[in-house]
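Below is one structure, written out as structure tokens; the observations come after it.
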Amino acid sequence: MGGHAAGARRRGRNEGSIYKDEAKGRWYGAVSLGYGPDGKTWRRHKVSGRTRAEVAEKLKQLQAERDSGVQPERAYTVQRAVDDWLAEGLDGRSARTVRLNHDVLRLVTAVIGGIELRALTAHDVRRALVQVAAGNSSRTVTLTHNALTRALRHAEANRHVAHNVAALVDTPKGQPGRPSKALTADQAAAVLKVARESRLGAYVVLCLMTGIRTEEARALRWDHVDLDAASLAVWRSVRLGGDTKTAKSRRTLGLPQAVVEALREHRVRQDEEKLAAGELWRDHGLVFTTTVGTPLDAANVRRYFRGICKAAGIGENWTPRPPA
């Protein structure tokens, strides 16, 4: 009692309850936050500081959050915000996408995961990203920053915090990334020459000469190809849900004559395989299939393309992308 009285004075408007504990030499304050989610428990949030002004400023922030509808929860840390977003904010995304976000967010939660979300600052975020950048590529740093920003946006939408401080930070530059796996013009020419003799040569020709993504090529259907008009519609992919990577990725491509010729030859070969397979053939209407008509997986494509690259004398560590 005596300790409180010694430090007490009439508090300013909206300061909440502030007092000094003489024994500890610190100031303390508390503000009422109203009833909790159960509608029964009355909540008060306590803060402390070395000076009265510091405590008053913390209470002012709490009251501003309360007035804006934010419901700060004690011990709601950055780690909890990240966990909530990973569990609730990635519905419909593939397991690979969820795993990627989980892995990159571990890089920042290792640094700031224990900080209460309402106390997190832009400086904290910047500090964490700089540490990530010290040992990772610029792409990884960008993915990490984007994932953290989305996780905190989810927390903001759920009224755990008033502001998304991650959105205020510029992404630092990381380390040089791995070498590109795109072919040079000379390498592409060598690959195209060999590809014409391969069962999936038309796949390679299409990817190298149009820039179509490999997951889009694997999902391509004959009813989306018009060889007479030298065009094809890219509407699908093998991504989760069958959609292209983005809405803007849905497009119609004009086909070079070399691609048209390769696809005509490929269709003849596929018709021959269909006859040879007989009742084993499973018709999915796909342009590129296994020898019994079933969809190709990524491993099928990698195996064929490695063989083509090896025969072209350029090694095996490449992907069917247009020349860089």
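Chains: A, B, ... in order of the structure tokens. Residues: from 1 per chain. Ligands: from 1, in order shown.
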
**OP:** Just list the residues in region 59-160 of chain A DSSP gives alpha helix (DSSP H) on the backbone, as a PyMOL selection string.
**Re:** chain A and resi 59-67+78-88+95-112+122-135+138-157

Just to be explicit: take each residue in the selection above, keep C-alpha atoms, and write the result as a compact mmCIF listing (two decimals), in the first residue's frame.
# COMPACT_ATOMS: atom_id res chain seq x y z
CA LEU A 59 -1.19 2.01 -21.98
CA LYS A 60 -2.02 4.55 -24.66
CA GLN A 61 -1.13 1.97 -27.32
CA LEU A 62 -3.29 -0.67 -25.61
CA GLN A 63 -6.24 1.71 -25.43
CA ALA A 64 -5.84 2.63 -29.10
CA GLU A 65 -5.87 -1.05 -29.99
CA ARG A 66 -8.94 -1.62 -27.84
CA ASP A 67 -10.76 1.33 -29.41
CA VAL A 78 4.86 -14.09 -33.78
CA GLN A 79 5.24 -17.88 -33.70
CA ARG A 80 1.56 -18.32 -32.82
CA ALA A 81 0.53 -15.91 -35.58
CA VAL A 82 2.61 -17.89 -38.08
CA ASP A 83 1.19 -21.22 -36.87
CA ASP A 84 -2.37 -19.89 -37.16
CA TRP A 85 -1.80 -18.70 -40.72
CA LEU A 86 -0.21 -21.98 -41.79
CA ALA A 87 -3.20 -23.85 -40.32
CA GLU A 88 -5.97 -21.52 -41.51
CA ALA A 95 1.11 -29.74 -49.73
CA ARG A 96 4.29 -28.54 -51.46
CA THR A 97 3.23 -24.89 -51.13
CA VAL A 98 2.35 -25.34 -47.46
CA ARG A 99 5.71 -26.99 -46.81
CA LEU A 100 7.59 -24.22 -48.63
CA ASN A 101 5.91 -21.53 -46.52
CA HIS A 102 6.52 -23.53 -43.36
CA ASP A 103 10.22 -23.89 -44.17
CA VAL A 104 10.90 -20.24 -45.04
CA LEU A 105 8.98 -18.95 -42.02
CA ARG A 106 11.14 -21.07 -39.72
CA LEU A 107 14.03 -18.85 -40.78
CA VAL A 108 12.42 -15.76 -39.20
CA THR A 109 10.62 -17.36 -36.27
CA ALA A 110 14.01 -18.64 -35.12
CA VAL A 111 14.87 -14.96 -34.57
CA ILE A 112 11.61 -13.22 -33.62
CA ALA A 122 9.54 -3.00 -38.11
CA HIS A 123 13.08 -2.98 -36.73
CA ASP A 124 12.58 -6.53 -35.39
CA VAL A 125 11.37 -7.71 -38.79
CA ARG A 126 14.25 -6.02 -40.58
CA ARG A 127 16.74 -7.57 -38.15
CA ALA A 128 15.33 -11.05 -38.76
CA LEU A 129 15.34 -10.67 -42.54
CA VAL A 130 18.94 -9.41 -42.53
CA GLN A 131 19.94 -12.57 -40.68
CA VAL A 132 18.07 -14.67 -43.25
CA ALA A 133 19.78 -12.77 -46.08
CA ALA A 134 23.22 -13.50 -44.63
CA GLY A 135 22.94 -17.19 -45.49
CA SER A 138 17.58 -13.26 -52.55
CA ARG A 139 14.71 -15.46 -53.74
CA THR A 140 14.53 -17.19 -50.35
CA VAL A 141 14.60 -13.84 -48.53
CA THR A 142 11.76 -12.56 -50.73
CA LEU A 143 9.70 -15.71 -50.14
CA THR A 144 10.30 -15.41 -46.40
CA HIS A 145 9.30 -11.75 -46.28
CA ASN A 146 6.18 -12.36 -48.36
CA ALA A 147 5.10 -15.28 -46.17
CA LEU A 148 5.64 -13.30 -42.96
CA THR A 149 3.68 -10.35 -44.35
CA ARG A 150 0.76 -12.62 -45.23
CA ALA A 151 0.88 -14.32 -41.82
CA LEU A 152 0.71 -10.97 -40.03
CA ARG A 153 -2.05 -9.80 -42.37
CA HIS A 154 -4.02 -12.86 -41.26
CA ALA A 155 -3.41 -11.89 -37.62
CA GLU A 156 -4.44 -8.31 -38.39
CA ALA A 157 -7.68 -9.52 -39.99

Subject >> Contact residues around Glu116 (chain A) with only C-alpha atoms at 10 Å, ignoring same-chain residues under 2 positions, as a list in words >> reply: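 Neighbouring residues, sequence-local ones excluded: Pro72, Glu73, Arg74, Ala75, Tyr76, Thr77, Val78, Gln79, Arg80, Ala81, Ile112, Gly113, Gly114, Arg118, Ala119, Leu120 and Val161 of chain A.
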
Original post:
Which residue gives the smallest distance to Thr289 (chain A) among A:Val55, A:Ala262, A:Leu220, A:Thr210, with only C-alpha atoms counted?
Top reply: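 For Thr289 (chain A), the nearest of the given residues is A:Leu220.
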
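Every protein or nucleic acid residue with an atom no more than 10 Å from Gly201 (chain A), counting only C-alpha atoms and leaving out same-chain residues fewer than 4 positions away, appears here: A:Val191, A:Leu192, A:Lys193, A:Val194, A:Ala195, A:Arg196, A:Glu197, A:Val205, A:Leu206, A:Ala262, A:Leu263, A:Glu265, A:His266, A:Tyr304, A:Phe305, A:Ile308.
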